[in-house]
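*Asks:* I am attaching a structure below and will ask some questions about it afterwards.
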Amino acid sequence: SSELEGGVDATLWQGRVSLSYTQYDKTRHDAILAIPVAPSVVSLGSVGSTIYQKNIGVIRNTGTELSVTTTILQSRALSWNVGANLSNDNNLVVSLNKGQAPIILSQGQISMNGVEERVTPGYPLFGEWTRPIVAFTDVNHDGIIEPSEIRLGDSLVYVGQPNPKYQFNFTTDVTLLNGR
């Protein structure tokens, strides 16, 4: 593994404003993932696990985090703080081990929402793939598009990652009587 992380913390205006900035870049070589095993592979009555640990290849994680906290009001009777945090997290399957085919986590079964998770080089870890909608027609003219009126493409395409790339949090707290 190789990892680079750096950041800056600052406190301003007599401690009433705090800023924190962090950036990281981490590459895991010989990354180990828990891979689900199809229930049909685990024999009935056996004590076997439904997951196994597999060395899959190289995964790179990069990201940034920015936090700001400020004291809006401060007295003996009452203090009020407000904070915000913005973060960005990206991961990428850089490469799979020699001879390792892309991993399809649904074991050939697409989930109920038509999405399949994969571990594929050049895409985020557990990237989501599905067949795109190529056409739809309200055949019975009832104003409602039903599943039978939708035509899907022949092959799966990448549609996104399961976790958001960006997150924003807002917090506020009030303390009465110096925390008593």
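Residue numbers start at 1 in each chain; chains themselves are named A, B, ... in the order of the structure tokens; ligands are numbered from 1 in the order shown.
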Can you tell me, as a ChimeraX atom specification, what residues are no more than 12 Å from Gly99 of chain A when counting only C-alpha atoms, ignoring any on the same chain fewer than 3 positions away?

*Replies:* /A:55-57,95-96,102-103

*Asks:* If you run DSSP over the backbone, which residues in segment 83-168 of chain A end up strand (DSSP E)? Put them as a ChimeraX atom specification.

*Replies:* /A:83-96,103-104,116-119,127-130,133-136,150-152,157-160,166-168

*Asks:* Could you give me, as a list in words, the residues within 7 Å of Asp89 of chain A, counting only C-alpha atoms and dropping anything in the same chain fewer than 2 positions from it?

*Replies:*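 The residues satisfying every condition are Thr62, Gly63, Thr64, Ser87, Asn91, Lys165 and Tyr166 of chain A.
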
*Asks:* Can you tell me which residues surround segment 151-160 of chain A at a distance of at most 6 Å, considering only C-alpha atoms, apart from same-chain residues fewer than 5 positions away, and format the answer as a list in words?

*Replies:*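 With the cut-off at 6 Å, the set is Gly127, Glu128, Trp129, Thr130, Arg131, Pro132, Ile133, Val134, Ala135 and Phe136 of chain A.
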
*Asks:* Write out as a VMD selection string the residues lying within 12 Å of Leu92 of chain A, counting only C-alpha atoms and excluding same-chain residues fewer than 2 positions away.

*Replies:* chain A and resid 25 to 28 31 57 to 63 89 to 90 94 to 96 118 to 127 161 165

*Asks:* How would the residues just picked look written out with N, CA, C and O atoms as a compact mmCIF listing (two decimals), in the first residue's frame?

*Replies:*
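Output below, filename result_2.txt:
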# COMPACT_ATOMS: atom_id res chain seq x y z
N ASP A 25 -4.69 10.37 -0.65
CA ASP A 25 -4.53 9.54 -1.85
C ASP A 25 -3.92 8.23 -1.36
O ASP A 25 -2.78 8.20 -0.91
N LYS A 26 -4.70 7.16 -1.42
CA LYS A 26 -4.24 5.87 -0.91
C LYS A 26 -4.43 4.80 -1.98
O LYS A 26 -5.51 4.68 -2.55
N THR A 27 -3.38 4.06 -2.26
CA THR A 27 -3.44 2.96 -3.21
C THR A 27 -3.15 1.67 -2.46
O THR A 27 -2.13 1.55 -1.79
N ARG A 28 -4.10 0.72 -2.57
CA ARG A 28 -3.93 -0.59 -1.93
C ARG A 28 -3.56 -1.61 -3.00
O ARG A 28 -4.34 -1.88 -3.91
N ALA A 31 -5.30 -5.79 -2.75
CA ALA A 31 -6.49 -5.49 -1.95
C ALA A 31 -7.31 -6.76 -1.73
O ALA A 31 -7.53 -7.55 -2.64
N GLY A 57 -6.58 -7.27 -6.47
CA GLY A 57 -5.72 -6.40 -7.28
C GLY A 57 -5.45 -5.07 -6.62
O GLY A 57 -5.26 -4.99 -5.42
N VAL A 58 -5.46 -3.99 -7.42
CA VAL A 58 -5.09 -2.66 -6.96
C VAL A 58 -6.31 -1.73 -6.96
O VAL A 58 -7.01 -1.62 -7.96
N ILE A 59 -6.53 -1.07 -5.81
CA ILE A 59 -7.63 -0.11 -5.66
C ILE A 59 -7.05 1.21 -5.16
O ILE A 59 -6.22 1.23 -4.26
N ARG A 60 -7.50 2.31 -5.77
CA ARG A 60 -7.02 3.64 -5.38
C ARG A 60 -8.18 4.46 -4.82
O ARG A 60 -9.25 4.52 -5.43
N ASN A 61 -7.98 5.06 -3.65
CA ASN A 61 -8.96 5.94 -3.02
C ASN A 61 -8.37 7.34 -2.91
O ASN A 61 -7.24 7.50 -2.45
N THR A 62 -9.13 8.34 -3.34
CA THR A 62 -8.71 9.73 -3.20
C THR A 62 -9.88 10.52 -2.64
O THR A 62 -11.04 10.17 -2.87
N GLY A 63 -9.57 11.59 -1.93
CA GLY A 63 -10.65 12.39 -1.40
C GLY A 63 -10.20 13.65 -0.72
O GLY A 63 -9.00 13.87 -0.50
N ASP A 89 -15.25 11.66 -1.96
CA ASP A 89 -14.53 10.39 -1.88
C ASP A 89 -14.66 9.67 -3.22
O ASP A 89 -15.76 9.51 -3.74
N ASN A 90 -13.53 9.29 -3.78
CA ASN A 90 -13.50 8.57 -5.06
C ASN A 90 -12.70 7.30 -4.88
O ASN A 90 -11.65 7.31 -4.23
N VAL A 94 -7.99 0.01 -10.11
CA VAL A 94 -6.92 0.32 -11.06
C VAL A 94 -6.64 -0.88 -11.94
O VAL A 94 -6.58 -0.77 -13.16
N SER A 95 -6.47 -2.04 -11.31
CA SER A 95 -6.22 -3.27 -12.07
C SER A 95 -6.58 -4.48 -11.22
O SER A 95 -6.61 -4.41 -10.00
N LEU A 96 -6.87 -5.56 -11.90
CA LEU A 96 -7.11 -6.84 -11.23
C LEU A 96 -5.86 -7.69 -11.37
O LEU A 96 -5.05 -7.48 -12.28
N ARG A 118 -20.40 -4.75 -9.95
CA ARG A 118 -19.20 -5.36 -10.51
C ARG A 118 -17.94 -4.74 -9.93
O ARG A 118 -17.94 -3.59 -9.52
N VAL A 119 -16.87 -5.52 -9.96
CA VAL A 119 -15.53 -5.03 -9.66
C VAL A 119 -14.77 -5.14 -10.99
O VAL A 119 -14.40 -6.23 -11.40
N THR A 120 -14.63 -4.00 -11.66
CA THR A 120 -14.09 -3.96 -13.02
C THR A 120 -13.02 -2.87 -13.11
O THR A 120 -13.27 -1.74 -12.66
N PRO A 121 -11.86 -3.15 -13.68
CA PRO A 121 -10.81 -2.13 -13.82
C PRO A 121 -11.32 -0.90 -14.58
O PRO A 121 -12.08 -1.01 -15.54
N GLY A 122 -10.92 0.28 -14.09
CA GLY A 122 -11.31 1.53 -14.73
C GLY A 122 -12.60 2.11 -14.20
O GLY A 122 -13.02 3.19 -14.62
N TYR A 123 -13.25 1.41 -13.27
CA TYR A 123 -14.53 1.86 -12.70
C TYR A 123 -14.46 1.83 -11.18
O TYR A 123 -13.62 1.14 -10.60
N PRO A 124 -15.38 2.54 -10.50
CA PRO A 124 -15.41 2.49 -9.04
C PRO A 124 -15.65 1.07 -8.52
O PRO A 124 -16.29 0.26 -9.19
N LEU A 125 -15.13 0.81 -7.33
CA LEU A 125 -15.35 -0.47 -6.66
C LEU A 125 -16.85 -0.67 -6.47
O LEU A 125 -17.55 0.25 -6.03
N PHE A 126 -17.36 -1.83 -6.82
CA PHE A 126 -18.79 -2.17 -6.73
C PHE A 126 -19.63 -1.26 -7.63
O PHE A 126 -20.75 -0.89 -7.29
N GLY A 127 -19.07 -0.89 -8.80
CA GLY A 127 -19.81 -0.09 -9.77
C GLY A 127 -21.12 -0.77 -10.14
O GLY A 127 -21.22 -1.99 -10.13
N GLN A 161 -21.99 4.60 -9.08
CA GLN A 161 -21.45 3.88 -7.92
C GLN A 161 -22.48 3.86 -6.81
O GLN A 161 -23.36 4.70 -6.77
N LYS A 165 -20.45 10.35 -4.19
CA LYS A 165 -19.10 10.91 -4.27
C LYS A 165 -18.96 12.11 -3.35
O LYS A 165 -17.89 12.37 -2.82

*Asks:* Record the distance separating atom CA of Gly7 of chain A and atom CA of Tyr21 of chain A, expressed in Å with one decimal.

*Replies:*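 Taking atom CA of Gly7 of chain A and atom CA of Tyr21 of chain A, their separation equals 5.2 Å.
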
*Asks:* Got a sec: who's within 6 Å of Thr70 of chain A, counting only C-alpha atoms, leaving out chain neighbours fewer than 4 positions off, as a PDB file with N, CA and C atoms, in the first residue's frame?

*Replies:*
ATOM      1  N   ARG A  16     -13.457  31.323  17.859  1.00  0.00           N
ATOM      2  CA  ARG A  16     -14.871  31.312  17.461  1.00  0.00           C
ATOM      3  C   ARG A  16     -15.099  30.626  16.111  1.00  0.00           C
ATOM      4  N   VAL A  17     -14.050  30.478  15.294  1.00  0.00           N
ATOM      5  CA  VAL A  17     -14.155  29.800  14.002  1.00  0.00           C
ATOM      6  C   VAL A  17     -13.027  28.783  13.892  1.00  0.00           C
ATOM      7  N   ASN A  81     -23.382  26.819  18.574  1.00  0.00           N
ATOM      8  CA  ASN A  81     -22.372  26.512  17.566  1.00  0.00           C
ATOM      9  C   ASN A  81     -23.037  25.961  16.316  1.00  0.00           C
ATOM     10  N   VAL A  82     -22.464  26.288  15.169  1.00  0.00           N
ATOM     11  CA  VAL A  82     -22.945  25.804  13.883  1.00  0.00           C
ATOM     12  C   VAL A  82     -21.741  25.254  13.124  1.00  0.00           C
TER      13      VAL A  82
END
